[in-house]
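Have a look at protein03.pdb below; it lists PDB, C-alpha atoms.
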ATOM      1  CA  MET A 700     -16.393 -39.833  -8.114
ATOM      2  CA  GLU A 701     -18.140 -42.252  -5.790
ATOM      3  CA  ASP A 702     -21.808 -43.067  -6.345
ATOM      4  CA  THR A 703     -22.899 -43.027  -2.697
ATOM      5  CA  ARG A 704     -25.016 -40.485  -0.926
ATOM      6  CA  CYS A 705     -23.079 -38.245   1.412
ATOM      7  CA  GLY A 706     -22.528 -39.899   4.784
ATOM      8  CA  GLY A 707     -23.975 -43.330   3.906
ATOM      9  CA  TRP A 708     -21.994 -46.469   3.084
ATOM     10  CA  SER A 709     -22.283 -47.878  -0.419
ATOM     11  CA  ASP A 710     -23.210 -51.421  -1.296
ATOM     12  CA  PRO A 711     -20.181 -53.703  -1.775
ATOM     13  CA  LYS A 712     -18.475 -53.158  -5.135
ATOM     14  CA  SER A 713     -15.790 -54.941  -7.115
ATOM     15  CA  PRO A 714     -12.503 -53.080  -6.841
ATOM     16  CA  ILE A 715     -11.077 -51.112  -9.709
ATOM     17  CA  SER A 716      -7.427 -50.261 -10.214
ATOM     18  CA  GLU A 717      -7.658 -47.420  -7.656
ATOM     19  CA  GLU A 718      -8.417 -49.783  -4.754
ATOM     20  CA  GLN A 719      -5.535 -52.106  -5.671
ATOM     21  CA  ARG A 720      -3.214 -49.105  -6.039
ATOM     22  CA  ILE A 721      -4.224 -47.921  -2.560
ATOM     23  CA  CYS A 722      -3.574 -51.407  -1.165
ATOM     24  CA  ASN A 723      -0.160 -51.527  -2.835
ATOM     25  CA  GLU A 724       0.752 -48.110  -1.376
ATOM     26  CA  LEU A 725      -0.336 -49.054   2.148
ATOM     27  CA  LYS A 726       0.846 -52.694   2.240
ATOM     28  CA  GLN A 727       3.983 -52.004   4.306
ATOM     29  CA  GLU A 728       2.041 -50.019   6.897
ATOM     30  CA  VAL A 729      -0.613 -52.764   7.084
ATOM     31  CA  GLU A 730       2.125 -55.370   7.591
ATOM     32  CA  TYR A 731       3.659 -53.248  10.342
ATOM     33  CA  ARG A 732       0.320 -52.835  12.132
ATOM     34  CA  THR A 733      -0.584 -56.527  11.897
ATOM     35  CA  GLY A 734       2.925 -57.858  12.524
ATOM     36  CA  LYS A 735       2.670 -60.099   9.444
ATOM     37  CA  ILE A 736       4.231 -60.245   5.986
ATOM     38  CA  TYR A 737       1.739 -60.908   3.178
ATOM     39  CA  CYS A 738       2.845 -62.627  -0.043
ATOM     40  CA  VAL A 739      -0.671 -62.145  -1.434
ATOM     41  CA  PHE A 740      -2.345 -58.738  -1.045
ATOM     42  CA  THR A 741      -5.272 -58.446  -3.451
ATOM     43  CA  ALA A 742      -8.256 -56.098  -3.139
ATOM     44  CA  THR A 743     -11.401 -58.190  -3.693
ATOM     45  CA  LEU A 744     -14.334 -55.988  -2.635
ATOM     46  CA  TYR A 745     -14.898 -52.581  -1.069
ATOM     47  CA  ILE A 746     -17.484 -50.219   0.345
ATOM     48  CA  SER A 747     -17.199 -46.450   0.442
ATOM     49  CA  GLN A 748     -18.603 -43.453   2.281
ATOM     50  CA  VAL A 749     -18.472 -39.904   0.948
ATOM     51  CA  VAL A 750     -17.413 -37.408   3.618
ATOM     52  CA  ALA A 751     -14.933 -34.532   3.171
ATOM     53  CA  GLY A 752     -13.121 -37.041   0.981
ATOM     54  CA  VAL A 753     -13.954 -40.752   0.844
ATOM     55  CA  ASN A 754     -13.723 -43.444   3.513
ATOM     56  CA  LYS A 755     -13.198 -46.928   2.084
ATOM     57  CA  ILE A 756     -13.163 -50.327   3.688
ATOM     58  CA  ILE A 757     -11.373 -52.724   1.357
ATOM     59  CA  LYS A 758     -11.562 -56.499   1.741
ATOM     60  CA  VAL A 759      -8.075 -57.801   0.954
ATOM     61  CA  HIS A 760      -7.171 -61.426   0.229
ATOM     62  CA  VAL A 761      -3.908 -62.178   2.059
ATOM     63  CA  GLY A 762      -3.468 -65.867   1.181
ATOM     64  CA  GLU A 763      -5.224 -69.214   1.560
ATOM     65  CA  ASP A 764      -8.673 -68.549   3.099
ATOM     66  CA  ASP A 765      -7.539 -65.416   4.951
ATOM     67  CA  TYR A 766      -8.850 -61.900   4.374
ATOM     68  CA  ILE A 767      -8.388 -58.613   6.174
ATOM     69  CA  HIS A 768     -10.421 -55.410   6.130
ATOM     70  CA  VAL A 769      -8.432 -52.233   5.561
ATOM     71  CA  GLU A 770     -10.028 -48.881   6.354
ATOM     72  CA  VAL A 771      -8.640 -45.960   4.371
ATOM     73  CA  PHE A 772      -9.398 -42.255   4.129
ATOM     74  CA  VAL A 773      -8.897 -40.801   0.643
ATOM     75  CA  PRO A 774      -8.672 -36.987   0.836
ATOM     76  CA  LEU A 775     -10.205 -34.775  -1.823
ATOM     77  CA  PRO A 776      -7.849 -34.339  -4.798
ATOM     78  CA  CYS A 777      -7.594 -30.589  -4.159
ATOM     79  CA  HIS A 778      -5.721 -31.343  -0.911
ATOM     80  CA  GLY A 779      -2.989 -33.231  -2.753
ATOM     81  CA  SER A 780      -2.648 -35.766   0.047
ATOM     82  CA  LYS A 781      -2.201 -39.510  -0.301
ATOM     83  CA  PRO A 782      -4.661 -42.115   1.044
ATOM     84  CA  GLN A 783      -4.259 -42.637   4.788
ATOM     85  CA  LEU A 784      -4.572 -45.973   6.575
ATOM     86  CA  THR A 785      -7.147 -45.543   9.331
ATOM     87  CA  ASP A 786      -7.402 -49.088  10.704
ATOM     88  CA  VAL A 787      -6.948 -52.775   9.923
ATOM     89  CA  LYS A 788      -8.964 -55.764  11.123
ATOM     90  CA  THR A 789      -7.833 -59.357  10.641
ATOM     91  CA  GLY A 790      -9.525 -62.747  10.864
ATOM     92  CA  PHE A 791     -11.973 -62.523   7.974
ATOM     93  CA  HIS A 792     -12.896 -64.977   5.223
ATOM     94  CA  LYS A 793     -14.149 -64.561   1.650
ATOM     95  CA  ASP A 794     -17.818 -64.446   2.685
ATOM     96  CA  SER A 795     -17.377 -62.380   5.865
ATOM     97  CA  PRO A 796     -19.622 -59.305   5.840
ATOM     98  CA  PHE A 797     -18.132 -55.848   6.095
ATOM     99  CA  GLU A 798     -17.920 -54.404   9.584
ATOM    100  CA  ILE A 799     -18.107 -50.644   9.886
ATOM    101  CA  PHE A 800     -15.169 -49.525  11.973
ATOM    102  CA  LYS A 801     -16.057 -47.563  15.064
ATOM    103  CA  PRO A 802     -14.503 -44.110  15.427
ATOM    104  CA  LYS A 803     -11.578 -43.934  17.814
ATOM    105  CA  PRO A 804     -12.138 -41.805  20.950
TER     106      PRO A 804
END
Could you render the structure as C-alpha coordinates?
Amino acid sequence: MEDTRCGGWSDPKSPISEEQRICNELKQEVEYRTGKIYCVFTATLYISQVVAGVNKIIKVHVGEDDYIHVEVFVPLPCHGSKPQLTDVKTGFHKDSPFEIFKPKP
(Lines of atoms letter the chains of each structure in order from A and count residues from 1; the text may use other names and numbers.)
(Lines give C-alpha, C1' and ligand atoms only; values in the text may rest on other atoms or scores of the structure.)
Protein backbone atom coordinates (compact mmCIF):
# COMPACT_ATOMS: atom_id res chain seq x y z
CA MET A 1 0.00 0.00 0.00
CA GLU A 2 1.13 3.56 -0.58
CA ASP A 3 2.96 5.42 2.18
CA THR A 4 1.24 8.79 1.76
CA ARG A 5 -1.26 10.42 4.03
CA CYS A 6 -4.79 10.38 2.69
CA GLY A 7 -5.39 13.23 0.25
CA GLY A 8 -1.79 14.53 0.10
CA TRP A 9 0.72 13.90 -2.68
CA SER A 10 3.80 11.86 -1.86
CA ASP A 11 7.37 12.92 -2.48
CA PRO A 12 8.75 11.68 -5.82
CA LYS A 13 9.70 8.00 -5.72
CA SER A 14 11.57 5.63 -8.01
CA PRO A 15 9.13 3.41 -9.86
CA ILE A 16 8.73 -0.24 -9.04
CA SER A 17 7.44 -2.91 -11.39
CA GLU A 18 3.82 -1.81 -10.78
CA GLU A 19 4.37 1.64 -12.34
CA GLN A 20 6.05 0.16 -15.42
CA ARG A 21 3.26 -2.42 -15.73
CA ILE A 22 0.68 0.38 -15.61
CA CYS A 23 2.61 2.30 -18.29
CA ASN A 24 2.78 -0.80 -20.49
CA GLU A 25 -0.98 -1.36 -20.13
CA LEU A 26 -1.85 2.25 -20.97
CA LYS A 27 0.77 2.93 -23.68
CA GLN A 28 -1.64 2.56 -26.61
CA GLU A 29 -4.17 4.91 -25.05
CA VAL A 30 -1.42 7.45 -24.28
CA GLU A 31 -0.23 7.24 -27.90
CA TYR A 32 -3.78 7.77 -29.12
CA ARG A 33 -4.28 10.82 -26.89
CA THR A 34 -0.95 12.40 -27.83
CA GLY A 35 -1.04 11.43 -31.50
CA LYS A 36 2.48 9.98 -31.25
CA ILE A 37 4.08 6.54 -31.33
CA TYR A 38 6.71 5.98 -28.63
CA CYS A 39 9.57 3.51 -29.17
CA VAL A 40 10.76 4.20 -25.62
CA PHE A 41 8.19 4.24 -22.80
CA THR A 42 9.94 3.90 -19.44
CA ALA A 43 8.58 4.96 -16.04
CA THR A 44 11.32 6.97 -14.31
CA LEU A 45 9.67 8.62 -11.29
CA TYR A 46 6.20 8.95 -9.78
CA ILE A 47 4.15 10.63 -7.10
CA SER A 48 0.97 9.25 -5.57
CA GLN A 49 -2.10 10.39 -3.69
CA VAL A 50 -4.30 8.08 -1.63
CA VAL A 51 -8.00 8.69 -2.26
CA ALA A 52 -10.68 6.00 -2.73
CA GLY A 53 -7.91 4.20 -4.58
CA VAL A 54 -4.63 5.83 -5.62
CA ASN A 55 -3.93 8.67 -8.05
CA LYS A 56 -0.47 8.49 -9.61
CA ILE A 57 1.42 10.87 -11.82
CA ILE A 58 4.18 8.93 -13.56
CA LYS A 59 7.08 10.63 -15.33
CA VAL A 60 7.73 8.57 -18.47
CA HIS A 61 10.84 8.77 -20.65
CA VAL A 62 9.69 8.65 -24.29
CA GLY A 63 13.04 9.01 -26.08
CA GLU A 64 15.97 11.41 -26.39
CA ASP A 65 15.43 14.24 -23.86
CA ASP A 66 11.63 13.95 -23.95
CA TYR A 67 9.40 13.02 -21.02
CA ILE A 68 5.66 13.01 -20.48
CA HIS A 69 3.58 12.98 -17.32
CA VAL A 70 0.83 10.37 -17.20
CA GLU A 71 -1.93 10.69 -14.62
CA VAL A 72 -3.56 7.42 -13.63
CA PHE A 73 -6.26 6.37 -11.18
CA VAL A 74 -5.69 2.93 -9.64
CA PRO A 75 -8.94 1.64 -8.08
CA LEU A 76 -8.94 -0.31 -4.84
CA PRO A 77 -8.26 -4.02 -5.45
CA CYS A 78 -11.70 -4.96 -4.11
CA HIS A 79 -13.28 -3.24 -7.14
CA GLY A 80 -11.41 -5.49 -9.57
CA SER A 81 -10.94 -2.67 -12.05
CA LYS A 82 -7.83 -1.89 -14.06
CA PRO A 83 -5.85 1.38 -13.81
CA GLN A 84 -7.52 4.20 -15.73
CA LEU A 85 -5.70 6.88 -17.70
CA THR A 86 -6.91 10.25 -16.42
CA ASP A 87 -4.71 12.66 -18.39
CA VAL A 88 -1.42 13.08 -20.22
CA LYS A 89 0.84 16.12 -20.45
CA THR A 90 3.74 16.38 -22.89
CA GLY A 91 6.77 18.64 -23.22
CA PHE A 92 8.72 17.69 -20.11
CA HIS A 93 12.40 16.93 -19.54
CA LYS A 94 14.28 14.75 -17.05
CA ASP A 95 14.51 17.50 -14.42
CA SER A 96 11.02 18.98 -14.94
CA PRO A 97 9.08 19.12 -11.67
CA PHE A 98 5.79 17.32 -11.32
CA GLU A 99 2.70 19.37 -12.06
CA ILE A 100 -0.46 18.41 -10.24
CA PHE A 101 -3.19 18.01 -12.82
CA LYS A 102 -6.22 20.19 -12.29
CA PRO A 103 -9.58 18.43 -12.03
CA LYS A 104 -11.70 18.59 -15.15
CA PRO A 105 -14.97 20.56 -14.82
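Going from atom CA of Gln783 of chain A to atom CA of Ser795 of chain A covers 23.7 Å.
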Written as a list in words, which residues does the PyMOL selection byres ((chain A and resi 785) around 12) give for the file shown? Leu725, Glu728, Val729, Arg732, Val753, Asn754, Lys755, Ile756, Ile757, His768, Val769, Glu770, Val771, Phe772, Val773, Pro782, Gln783, Leu784, Asp786, Val787, Lys788, Phe800, Lys801, Pro802 and Lys803 of chain A
Residues near Pro714 of chain A, cut-off 7 Å, only C-alpha atoms, skip fewer than 4 positions along chain, as a PyMOL selection string: chain A and resi 718+742-745
Return the single residue from A:Ala751, A:Val759, A:Ile721, A:Ile736 that is closest to Gly706 of chain A, with distances computed using all atoms listed in the file.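 Nearest candidate to Gly706 of chain A out of A:Ala751, A:Val759, A:Ile721, A:Ile736: A:Ala751.
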To one decimal place, how far is atom CA of Asp794 of chain A from atom CA of Trp708 of chain A in Å?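 Taking atom CA of Asp794 of chain A as the start and atom CA of Trp708 of chain A as the end point, the length is 18.5 Å.
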Atomic separation - atom CA of Gly762 of chain A relative to atom CA of Tyr737 of chain A, Å: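 Value for the atom CA of Tyr737 of chain A-atom CA of Gly762 of chain A distance: 7.5 Å.
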